[in-house]
$ cat work.cif   # mmCIF, C-alpha atoms
data_entry
#
loop_
_atom_site.group_PDB
_atom_site.id
_atom_site.type_symbol
_atom_site.label_atom_id
_atom_site.label_comp_id
_atom_site.auth_asym_id
_atom_site.auth_seq_id
_atom_site.Cartn_x
_atom_site.Cartn_y
_atom_site.Cartn_z
ATOM 1 C CA MET A 1 31.952 131.366 160.461
ATOM 2 C CA ASP A 2 31.991 134.557 162.515
ATOM 3 C CA TRP A 3 29.473 137.192 161.270
ATOM 4 C CA LEU A 4 32.094 139.944 161.429
ATOM 5 C CA GLU A 5 34.580 137.963 159.343
ATOM 6 C CA ASP A 6 31.832 137.283 156.782
ATOM 7 C CA GLU A 7 31.085 140.994 156.562
ATOM 8 C CA LEU A 8 34.785 141.862 156.328
ATOM 9 C CA ARG A 9 35.229 139.456 153.405
ATOM 10 C CA ARG A 10 32.296 141.144 151.692
ATOM 11 C CA ALA A 11 33.530 144.657 152.465
ATOM 12 C CA LEU A 12 37.125 143.970 151.427
ATOM 13 C CA SER A 13 36.371 141.907 148.327
ATOM 14 C CA ARG A 14 38.409 142.644 145.215
ATOM 15 C CA GLN A 15 37.241 145.518 143.043
ATOM 16 C CA ASP A 16 38.032 146.171 139.417
ATOM 17 C CA PRO A 17 40.138 149.237 138.691
ATOM 18 C CA PRO A 18 38.630 152.121 136.678
ATOM 19 C CA ASP A 19 37.783 151.454 133.024
ATOM 20 C CA GLY A 20 40.765 151.489 130.699
ATOM 21 C CA PHE A 21 43.288 150.739 133.458
ATOM 22 C CA ALA A 22 44.943 147.828 131.628
ATOM 23 C CA GLU A 23 45.110 149.825 128.385
ATOM 24 C CA ARG A 24 46.781 152.738 130.189
ATOM 25 C CA VAL A 25 49.343 150.418 131.781
ATOM 26 C CA LEU A 26 50.084 148.678 128.480
ATOM 27 C CA ALA A 27 50.359 151.966 126.599
ATOM 28 C CA ARG A 28 52.846 153.406 129.104
ATOM 29 C CA SER A 29 54.839 150.141 129.322
ATOM 30 C CA ARG A 30 55.433 149.924 125.565
ATOM 31 C CA PRO A 31 59.076 150.687 124.732
ATOM 32 C CA VAL A 32 59.554 153.875 122.716
ATOM 33 C CA ALA A 33 60.371 152.785 119.161
ATOM 34 C CA PHE A 34 63.109 154.592 117.206
ATOM 35 C CA PRO A 35 62.050 154.139 113.547
ATOM 36 C CA ALA A 36 64.609 153.263 110.846
ATOM 37 C CA ARG A 37 63.889 156.578 109.121
ATOM 38 C CA ARG A 38 65.135 158.409 112.216
ATOM 39 C CA TRP A 39 68.337 156.332 112.261
ATOM 40 C CA VAL A 40 68.958 157.209 108.574
ATOM 41 C CA ALA A 41 68.302 160.896 109.220
ATOM 42 C CA ALA A 42 70.614 160.879 112.241
ATOM 43 C CA ALA A 43 73.391 159.152 110.252
ATOM 44 C CA ALA A 44 72.988 161.658 107.390
ATOM 45 C CA MET A 45 73.284 164.548 109.832
ATOM 46 C CA VAL A 46 76.515 163.088 111.239
ATOM 47 C CA VAL A 47 77.989 162.721 107.705
ATOM 48 C CA VAL A 48 76.998 166.280 106.731
ATOM 49 C CA ALA A 49 78.424 167.679 109.972
ATOM 50 C CA ALA A 50 81.711 165.797 109.470
ATOM 51 C CA GLY A 51 81.934 167.007 105.821
ATOM 52 C CA ALA A 52 81.224 170.583 106.835
ATOM 53 C CA ALA A 53 83.908 170.447 109.511
ATOM 54 C CA GLY A 54 86.456 169.114 106.969
ATOM 55 C CA ALA A 55 85.591 171.794 104.412
ATOM 56 C CA TRP A 56 85.880 174.494 107.060
ATOM 57 C CA ARG A 57 89.322 173.234 108.098
ATOM 58 C CA GLU A 58 90.474 173.225 104.427
ATOM 59 C CA HIS A 59 89.111 176.733 103.887
ATOM 60 C CA ARG A 60 90.903 178.025 106.975
ATOM 61 C CA GLY A 61 94.141 176.318 105.823
ATOM 62 C CA ASN A 62 93.980 177.913 102.363
ATOM 63 C CA GLN A 63 93.199 181.288 103.892
ATOM 64 C CA ALA A 64 96.238 181.051 106.187
ATOM 65 C CA LYS A 65 98.416 179.979 103.241
ATOM 66 C CA GLN A 66 97.306 182.994 101.166
ATOM 67 C CA GLU A 67 97.943 185.348 104.079
ATOM 68 C CA LEU A 68 101.450 183.947 104.516
ATOM 69 C CA LEU A 69 102.278 184.275 100.803
ATOM 70 C CA LEU A 70 101.014 187.870 100.816
ATOM 71 C CA ALA A 71 103.134 188.672 103.838
ATOM 72 C CA VAL A 72 106.210 187.133 102.219
ATOM 73 C CA ARG A 73 105.509 189.044 98.984
ATOM 74 C CA LEU A 74 105.134 192.366 100.836
ATOM 75 C CA ALA A 75 108.293 191.720 102.803
ATOM 76 C CA SER A 76 110.234 190.808 99.657
ATOM 77 C CA VAL A 77 109.478 194.090 97.731
ATOM 78 C CA PRO A 78 111.964 196.334 99.588
ATOM 79 C CA VAL A 79 114.602 193.645 99.377
ATOM 80 C CA HIS A 80 114.258 193.561 95.551
ATOM 81 C CA ARG A 81 114.496 197.372 95.381
ATOM 82 C CA VAL A 82 117.608 197.397 97.518
ATOM 83 C CA GLN A 83 119.123 194.609 95.455
ATOM 84 C CA SER A 84 118.459 196.449 92.167
ATOM 85 C CA GLN A 85 119.876 199.686 93.577
ATOM 86 C CA ILE A 86 122.960 197.826 94.725
ATOM 87 C CA ARG A 87 123.297 196.287 91.269
ATOM 88 C CA GLY A 88 123.001 199.762 89.648
ATOM 89 C CA ILE A 89 125.679 201.246 91.876
ATOM 90 C CA SER A 90 128.079 198.417 91.354
ATOM 91 C CA GLN A 91 127.670 198.610 87.552
ATOM 92 C CA MET B 1 55.464 129.643 131.556
ATOM 93 C CA PRO B 2 58.835 130.010 129.812
ATOM 94 C CA ILE B 3 60.725 133.240 130.287
ATOM 95 C CA GLU B 4 60.650 133.947 126.545
ATOM 96 C CA ALA B 5 56.857 133.757 126.624
ATOM 97 C CA VAL B 6 56.629 135.968 129.708
ATOM 98 C CA GLU B 7 58.786 138.552 127.988
ATOM 99 C CA ALA B 8 56.416 138.696 125.066
ATOM 100 C CA GLY B 9 54.042 141.647 125.277
ATOM 101 C CA CYS B 10 50.960 139.451 125.085
ATOM 102 C CA ASP B 11 51.887 137.696 128.313
ATOM 103 C CA PHE B 12 52.536 140.924 130.167
ATOM 104 C CA ARG B 13 49.141 141.994 128.906
ATOM 105 C CA ALA B 14 47.659 138.756 130.293
ATOM 106 C CA LEU B 15 49.321 139.309 133.663
ATOM 107 C CA VAL B 16 47.933 142.854 133.842
ATOM 108 C CA ARG B 17 44.409 141.709 133.009
ATOM 109 C CA GLN B 18 44.565 138.735 135.358
ATOM 110 C CA HIS B 19 45.917 140.549 138.407
ATOM 111 C CA GLN B 20 44.716 144.135 138.025
ATOM 112 C CA ALA B 21 41.819 143.686 140.481
ATOM 113 C CA MET B 22 44.098 142.133 143.121
ATOM 114 C CA VAL B 23 46.769 144.844 142.864
ATOM 115 C CA PHE B 24 44.293 147.727 142.655
ATOM 116 C CA SER B 25 42.196 146.432 145.565
ATOM 117 C CA ILE B 26 45.167 145.999 147.916
ATOM 118 C CA ALA B 27 46.051 149.651 147.332
ATOM 119 C CA LEU B 28 42.414 150.778 147.468
ATOM 120 C CA HIS B 29 41.546 149.031 150.734
ATOM 121 C CA PHE B 30 44.798 150.152 152.350
ATOM 122 C CA LEU B 31 44.768 153.770 151.140
ATOM 123 C CA ARG B 32 40.999 154.246 150.734
ATOM 124 C CA ASP B 33 41.532 156.569 147.784
ATOM 125 C CA ARG B 34 40.762 155.440 144.229
ATOM 126 C CA ALA B 35 43.112 157.872 142.467
ATOM 127 C CA SER B 36 46.073 156.959 144.672
ATOM 128 C CA ALA B 37 45.211 153.273 144.357
ATOM 129 C CA GLU B 38 45.287 153.504 140.558
ATOM 130 C CA GLU B 39 48.653 155.312 140.656
ATOM 131 C CA VAL B 40 50.109 152.664 142.957
ATOM 132 C CA ALA B 41 48.693 149.839 140.835
ATOM 133 C CA GLN B 42 50.194 151.346 137.673
ATOM 134 C CA GLU B 43 53.590 151.658 139.365
ATOM 135 C CA VAL B 44 53.390 148.021 140.458
ATOM 136 C CA PHE B 45 52.785 146.852 136.889
ATOM 137 C CA PHE B 46 55.539 149.096 135.481
ATOM 138 C CA SER B 47 57.849 147.515 138.019
ATOM 139 C CA LEU B 48 56.728 144.068 136.846
ATOM 140 C CA HIS B 49 57.435 145.079 133.247
ATOM 141 C CA ARG B 50 60.985 146.089 134.202
ATOM 142 C CA ASN B 51 61.523 142.832 136.126
ATOM 143 C CA LEU B 52 59.847 140.299 133.843
ATOM 144 C CA ARG B 53 63.063 138.288 133.576
ATOM 145 C CA GLN B 54 62.827 137.453 137.279
ATOM 146 C CA ILE B 55 59.383 135.884 136.897
ATOM 147 C CA GLU B 56 59.539 132.097 136.774
ATOM 148 C CA SER B 57 55.888 131.016 136.773
ATOM 149 C CA PRO B 58 52.319 132.374 136.943
ATOM 150 C CA ALA B 59 52.237 131.616 140.677
ATOM 151 C CA HIS B 60 55.498 133.511 141.115
ATOM 152 C CA ALA B 61 54.014 136.449 139.187
ATOM 153 C CA ALA B 62 50.974 136.545 141.477
ATOM 154 C CA ALA B 63 53.078 136.385 144.658
ATOM 155 C CA TRP B 64 55.514 138.984 143.273
ATOM 156 C CA LEU B 65 52.696 141.375 142.374
ATOM 157 C CA ARG B 66 51.036 140.945 145.773
ATOM 158 C CA LYS B 67 54.258 141.666 147.656
ATOM 159 C CA VAL B 68 55.141 144.706 145.539
ATOM 160 C CA ALA B 69 51.563 146.021 145.785
ATOM 161 C CA VAL B 70 51.782 145.732 149.578
ATOM 162 C CA GLN B 71 55.153 147.510 149.712
ATOM 163 C CA ARG B 72 54.101 150.313 147.359
ATOM 164 C CA SER B 73 50.828 150.822 149.214
ATOM 165 C CA ILE B 74 52.637 151.086 152.551
ATOM 166 C CA ASP B 75 55.140 153.535 151.023
ATOM 167 C CA GLU B 76 52.313 155.650 149.609
ATOM 168 C CA GLY B 77 50.486 155.504 152.952
ATOM 169 C CA ARG B 78 53.597 156.776 154.743
ATOM 170 C CA ARG B 79 54.002 159.555 152.185
ATOM 171 C CA ARG B 80 50.366 160.555 152.694
ATOM 172 C CA SER B 81 50.598 160.295 156.466
ATOM 173 C CA ARG B 82 51.859 163.887 156.523
ATOM 174 C CA ARG B 83 48.449 164.905 155.217
ATOM 175 C CA PRO B 84 45.296 164.858 157.390
ATOM 176 C CA GLN B 85 43.856 161.373 157.812
ATOM 177 C CA VAL B 86 40.326 160.167 158.538
ATOM 178 C CA ALA B 87 40.036 159.754 162.308
ATOM 179 C CA LEU B 88 37.798 157.172 163.894
ATOM 180 C CA GLU B 89 35.669 159.957 165.345
ATOM 181 C CA ASP B 90 34.988 161.187 161.791
ATOM 182 C CA VAL B 91 33.363 157.888 160.780
ATOM 183 C CA ALA B 92 29.655 158.684 160.728
ATOM 184 C CA GLU B 93 27.279 156.868 163.005
ATOM 185 C CA PRO B 94 24.932 154.506 161.155
ATOM 186 C CA ALA B 95 21.452 155.977 160.784
ATOM 187 C CA ALA B 96 19.687 152.630 160.939
ATOM 188 C CA ARG B 97 20.265 149.004 161.777
ATOM 189 C CA PHE B 98 21.968 146.857 159.165
ATOM 190 C CA THR B 99 21.062 143.572 157.573
ATOM 191 C CA PRO B 100 23.726 141.017 156.572
ATOM 192 C CA GLY B 101 25.432 142.079 153.373
ATOM 193 C CA ASP B 102 24.164 145.653 153.646
ATOM 194 C CA PRO B 103 26.341 147.900 151.393
ATOM 195 C CA LEU B 104 26.219 150.596 154.083
ATOM 196 C CA LEU B 105 27.681 148.156 156.596
ATOM 197 C CA SER B 106 30.413 147.237 154.102
ATOM 198 C CA ASP B 107 31.226 150.912 153.684
ATOM 199 C CA LEU B 108 31.289 151.429 157.459
ATOM 200 C CA LEU B 109 33.643 148.456 157.845
ATOM 201 C CA ARG B 110 35.982 149.756 155.137
ATOM 202 C CA ARG B 111 36.099 153.130 156.895
ATOM 203 C CA LEU B 112 36.770 151.508 160.267
ATOM 204 C CA VAL B 113 39.545 149.355 158.781
ATOM 205 C CA ALA B 114 41.038 152.538 157.298
ATOM 206 C CA THR B 115 41.420 153.918 160.829
ATOM 207 C CA LEU B 116 43.664 151.018 161.909
ATOM 208 C CA PRO B 117 47.420 151.579 162.143
ATOM 209 C CA GLU B 118 49.539 150.587 159.134
ATOM 210 C CA ALA B 119 50.554 147.018 160.042
ATOM 211 C CA PRO B 120 47.194 145.705 161.341
ATOM 212 C CA ARG B 121 45.407 147.427 158.431
ATOM 213 C CA MET B 122 47.518 145.582 155.856
ATOM 214 C CA VAL B 123 47.120 142.333 157.804
ATOM 215 C CA MET B 124 43.327 142.763 157.617
ATOM 216 C CA VAL B 125 43.456 143.505 153.874
ATOM 217 C CA LEU B 126 45.562 140.414 153.163
ATOM 218 C CA ARG B 127 43.413 138.225 155.412
ATOM 219 C CA TYR B 128 39.966 139.276 154.186
ATOM 220 C CA GLN B 129 40.631 140.472 150.637
ATOM 221 C CA GLU B 130 43.255 137.925 149.631
ATOM 222 C CA ASP B 131 42.080 135.182 152.003
ATOM 223 C CA LEU B 132 45.683 134.459 153.049
ATOM 224 C CA GLU B 133 46.529 132.356 156.072
ATOM 225 C CA PRO B 134 48.467 134.040 158.912
ATOM 226 C CA SER B 135 51.647 132.196 157.880
ATOM 227 C CA GLU B 136 51.304 133.515 154.301
ATOM 228 C CA ILE B 137 50.664 137.053 155.576
ATOM 229 C CA ALA B 138 53.758 136.726 157.780
ATOM 230 C CA THR B 139 55.824 135.862 154.705
ATOM 231 C CA VAL B 140 54.493 138.788 152.659
ATOM 232 C CA LEU B 141 54.926 141.322 155.470
ATOM 233 C CA GLU B 142 58.141 139.766 156.791
ATOM 234 C CA MET B 143 56.880 139.620 160.370
ATOM 235 C CA PRO B 144 56.443 136.736 162.861
ATOM 236 C CA VAL B 145 53.260 134.666 162.550
ATOM 237 C CA ALA B 146 52.472 135.412 166.195
ATOM 238 C CA THR B 147 52.479 139.134 165.393
ATOM 239 C CA VAL B 148 50.107 138.591 162.487
ATOM 240 C CA LYS B 149 47.719 136.609 164.707
ATOM 241 C CA SER B 150 47.930 139.264 167.386
ATOM 242 C CA HIS B 151 47.093 142.017 164.875
ATOM 243 C CA LEU B 152 44.122 140.010 163.609
ATOM 244 C CA GLN B 153 42.714 139.324 167.075
ATOM 245 C CA ARG B 154 43.132 142.892 168.271
ATOM 246 C CA SER B 155 41.695 144.385 165.084
ATOM 247 C CA LEU B 156 38.660 142.102 165.157
ATOM 248 C CA ALA B 157 38.068 142.899 168.825
ATOM 249 C CA MET B 158 38.380 146.611 168.150
ATOM 250 C CA LEU B 159 35.995 146.469 165.167
ATOM 251 C CA ARG B 160 33.513 144.347 167.093
ATOM 252 C CA GLY B 161 33.578 146.811 169.975
ATOM 253 C CA LYS B 162 33.132 149.845 167.707
ATOM 254 C CA LEU B 163 30.262 148.188 165.834
ATOM 255 C CA GLU B 164 28.522 147.073 168.990
ATOM 256 C CA ARG B 165 28.735 150.589 170.381
ATOM 257 C CA ARG B 166 27.011 151.677 167.178
ATOM 258 C CA GLY B 167 24.339 149.055 167.694
ATOM 259 C CA VAL B 168 25.673 146.708 165.018
ATOM 260 C CA GLY B 169 26.158 143.058 165.785
ATOM 261 C CA GLU B 170 24.800 139.604 165.500
ATOM 262 C CA SER B 171 21.852 140.572 167.669
ATOM 263 C CA GLY B 172 21.216 143.672 165.563
ATOM 264 C CA TRP B 173 20.560 141.978 162.219
ATOM 265 C CA THR B 174 16.801 141.789 162.555
ATOM 266 C CA GLY B 175 16.621 145.564 162.824
#
$ encode --input "work.cif" --output "structure tokens"
Amino acid sequence: MDWLEDELRRALSRQDPPDGFAERVLARSRPVAFPARRWVAAAAMVVVAAGAAGAWREHRGNQAKQELLLAVRLASVPVHRVQSQIRGISQ
Amino acid sequence: MPIEAVEAGCDFRALVRQHQAMVFSIALHFLRDRASAEEVAQEVFFSLHRNLRQIESPAHAAAWLRKVAVQRSIDEGRRRSRRPQVALEDVAEPAARFTPGDPLLSDLLRRLVATLPEAPRMVMVLRYQEDLEPSEIATVLEMPVATVKSHLQRSLAMLRGKLERRGVGESGWTG
């Protein structure tokens, strides 16, 4: 065997990586778990958000209905007065 | 090794422990920088973790890791090539004669190998670290066997010449 090749095998022999290398690799390779508690919390938030959106829509609907009735009532007052005056004249 | 077993975390753990020295050393001897070598080695194992389904046997795992370690090391070397490199002239002259197995001679050889161009450097690492035959190196590096042999011969001649000029050689062992 050639002396230089012997020395090269010695010089380029395998070396262990720094301490804790395997642990670092395994720690970073582990999939990120999403615990059941987080799923429950996420589902609850979706339900609450959907309920809040429904309640808001109902509130806005009622508010619009009240505004319409008020407008109709205000508009109807002069008509009633005119009608009663007309009735008085005709009698 | 069945795929189901390979996919289990314990087997990935076993592959990491079994091959960490091989992967780390390929990067270390090619890049000559421990921090970069550890980064490359970690990337190689993350890549293995993502591709565990492709692995068919322990021998396949070893060959896969070696090939990916070689590719990642070359990529990292090219990325670093924009930064200043160690030139051959910067390799210090030995202060005294060496004896066989001298750690200082090993260090000098590693530094001289680090001055080789990319392809012959990786050929030398695979030949003398991994003890691969030229045909196996040709497969890993996807180059003709004749090219591998040519790189080996030229690199050995260059190293021999540099060492002899520094007074290191078969005749210099007795010091």
$ residues_around --input "work.cif" --residues "region 30-37 of chain B" --least-positions-apart "3" --cutoff "8 Å" --atoms "all atoms listed in the file" --output "NGL selection string"
:B and (24-27 or 40-41 or 73-74 or 76-77 or 111 or 114 or 121-122 or 125)
$ atom_distance --input "work.cif" --atom1 "CA of Arg72 (chain B)" --atom2 "CA of Glu142 (chain B)"
14.7 Å
$ residues_around --input "work.cif" --residues "region 12-19 of chain B" --least-positions-apart "6" --cutoff "8 Å" --atoms "only C-alpha atoms" --output "mmCIF file with C-alpha atoms, keeping the file's coordinate frame"
data_model
loop_
_atom_site.group_PDB
_atom_site.id
_atom_site.type_symbol
_atom_site.label_atom_id
_atom_site.label_comp_id
_atom_site.auth_asym_id
_atom_site.auth_seq_id
_atom_site.Cartn_x
_atom_site.Cartn_y
_atom_site.Cartn_z
ATOM 1 C CA ALA A 22 44.943 147.828 131.628
ATOM 2 C CA VAL A 25 49.343 150.418 131.781
ATOM 3 C CA LEU A 26 50.084 148.678 128.480
ATOM 4 C CA VAL B 6 56.629 135.968 129.708
ATOM 5 C CA PHE B 45 52.785 146.852 136.889
ATOM 6 C CA HIS B 49 57.435 145.079 133.247
ATOM 7 C CA ALA B 61 54.014 136.449 139.187
ATOM 8 C CA ALA B 62 50.974 136.545 141.477
ATOM 9 C CA LEU B 65 52.696 141.375 142.374
#
$ interface_residues --input "work.cif" --of "chain B" --to "chain A" --cutoff "9 Å" --atoms "only C-alpha atoms" --output "ChimeraX atom specification"
/B:9,12-13,16-17,20-26,28-29,34,37-38,41-43,45-46,49-50,100-103,105-110,124-125,127-131,156,159-160,169-170
$ atom_distance --input "work.cif" --atom1 "CA of Glu67 (chain A)" --atom2 "CA of Arg81 (chain A)"
22.2 Å
$ axis_aligned_box --input "work.cif" --around "region 1-13 of chain A" --padding-each-side "4 Å" --output "lines of an AutoDock Vina configuration file"
center_x = 33.3
center_y = 138.0
center_z = 155.4
size_x = 15.7
size_y = 21.3
size_z = 22.2
$ atom_distance --input "work.cif" --atom1 "CA of Ala59 (chain B)" --atom2 "CA of Val148 (chain B)"
23.0 Å
$ build_atoms --input "work.cif" --residues "region 94-125 of chain B" --atoms "N, CA and C atoms" --output "CSV table (one decimal), keeping the file's coordinate frame"
chain,number,residue,atom,x,y,z
B,94,PRO,N,26.0,155.0,162.0
B,94,PRO,CA,24.9,154.5,161.2
B,94,PRO,C,23.6,155.0,161.5
B,95,ALA,N,22.8,155.4,160.5
B,95,ALA,CA,21.5,156.0,160.8
B,95,ALA,C,20.4,154.9,161.1
B,96,ALA,N,20.7,153.7,160.7
B,96,ALA,CA,19.7,152.6,160.9
B,96,ALA,C,20.4,151.3,161.2
B,97,ARG,N,19.7,150.3,161.6
B,97,ARG,CA,20.3,149.0,161.8
B,97,ARG,C,20.6,148.4,160.4
B,98,PHE,N,21.6,147.5,160.4
B,98,PHE,CA,22.0,146.9,159.2
B,98,PHE,C,21.4,145.4,159.1
B,99,THR,N,21.4,145.0,157.8
B,99,THR,CA,21.1,143.6,157.6
B,99,THR,C,22.3,143.0,157.0
B,100,PRO,N,22.5,141.6,157.1
B,100,PRO,CA,23.7,141.0,156.6
B,100,PRO,C,23.9,141.4,155.1
B,101,GLY,N,25.1,141.7,154.8
B,101,GLY,CA,25.4,142.1,153.4
B,101,GLY,C,25.0,143.5,153.0
B,102,ASP,N,24.6,144.3,153.9
B,102,ASP,CA,24.2,145.7,153.6
B,102,ASP,C,25.4,146.5,153.1
B,103,PRO,N,25.2,147.1,151.9
B,103,PRO,CA,26.3,147.9,151.4
B,103,PRO,C,26.8,149.0,152.3
B,104,LEU,N,25.8,149.5,153.1
B,104,LEU,CA,26.2,150.6,154.1
B,104,LEU,C,27.1,150.0,155.2
B,105,LEU,N,26.8,148.8,155.6
B,105,LEU,CA,27.7,148.2,156.6
B,105,LEU,C,29.1,147.9,156.0
B,106,SER,N,29.1,147.4,154.8
B,106,SER,CA,30.4,147.2,154.1
B,106,SER,C,31.2,148.5,154.1
B,107,ASP,N,30.5,149.6,153.7
B,107,ASP,CA,31.2,150.9,153.7
B,107,ASP,C,31.7,151.3,155.1
B,108,LEU,N,30.9,151.1,156.1
B,108,LEU,CA,31.3,151.4,157.5
B,108,LEU,C,32.5,150.6,157.9
B,109,LEU,N,32.5,149.3,157.5
B,109,LEU,CA,33.6,148.5,157.8
B,109,LEU,C,34.9,148.9,157.1
B,110,ARG,N,34.8,149.3,155.9
B,110,ARG,CA,36.0,149.8,155.1
B,110,ARG,C,36.5,151.0,155.8
B,111,ARG,N,35.6,151.9,156.3
B,111,ARG,CA,36.1,153.1,156.9
B,111,ARG,C,36.7,152.8,158.3
B,112,LEU,N,36.2,151.9,159.0
B,112,LEU,CA,36.8,151.5,160.3
B,112,LEU,C,38.1,150.8,160.1
B,113,VAL,N,38.3,150.0,159.1
B,113,VAL,CA,39.5,149.4,158.8
B,113,VAL,C,40.6,150.4,158.4
B,114,ALA,N,40.1,151.5,157.7
B,114,ALA,CA,41.0,152.5,157.3
B,114,ALA,C,41.6,153.3,158.5
B,115,THR,N,40.9,153.2,159.6
B,115,THR,CA,41.4,153.9,160.8
B,115,THR,C,42.5,153.1,161.6
B,116,LEU,N,42.7,151.8,161.2
B,116,LEU,CA,43.7,151.0,161.9
B,116,LEU,C,45.1,151.5,161.6
B,117,PRO,N,46.0,151.3,162.5
B,117,PRO,CA,47.4,151.6,162.1
B,117,PRO,C,47.9,150.7,161.0
B,118,GLU,N,49.0,151.2,160.4
B,118,GLU,CA,49.5,150.6,159.1
B,118,GLU,C,49.6,149.0,159.1
B,119,ALA,N,50.3,148.5,160.1
B,119,ALA,CA,50.6,147.0,160.0
B,119,ALA,C,49.3,146.2,160.2
B,120,PRO,N,48.4,146.5,161.2
B,120,PRO,CA,47.2,145.7,161.3
B,120,PRO,C,46.2,145.9,160.2
B,121,ARG,N,46.3,147.1,159.6
B,121,ARG,CA,45.4,147.4,158.4
B,121,ARG,C,45.8,146.5,157.3
B,122,MET,N,47.1,146.4,157.0
B,122,MET,CA,47.5,145.6,155.9
B,122,MET,C,47.3,144.1,156.2
B,123,VAL,N,47.4,143.7,157.4
B,123,VAL,CA,47.1,142.3,157.8
B,123,VAL,C,45.7,142.0,157.5
B,124,MET,N,44.8,143.0,157.9
B,124,MET,CA,43.3,142.8,157.6
B,124,MET,C,43.0,142.7,156.1
B,125,VAL,N,43.7,143.5,155.3
B,125,VAL,CA,43.5,143.5,153.9
B,125,VAL,C,43.9,142.2,153.3
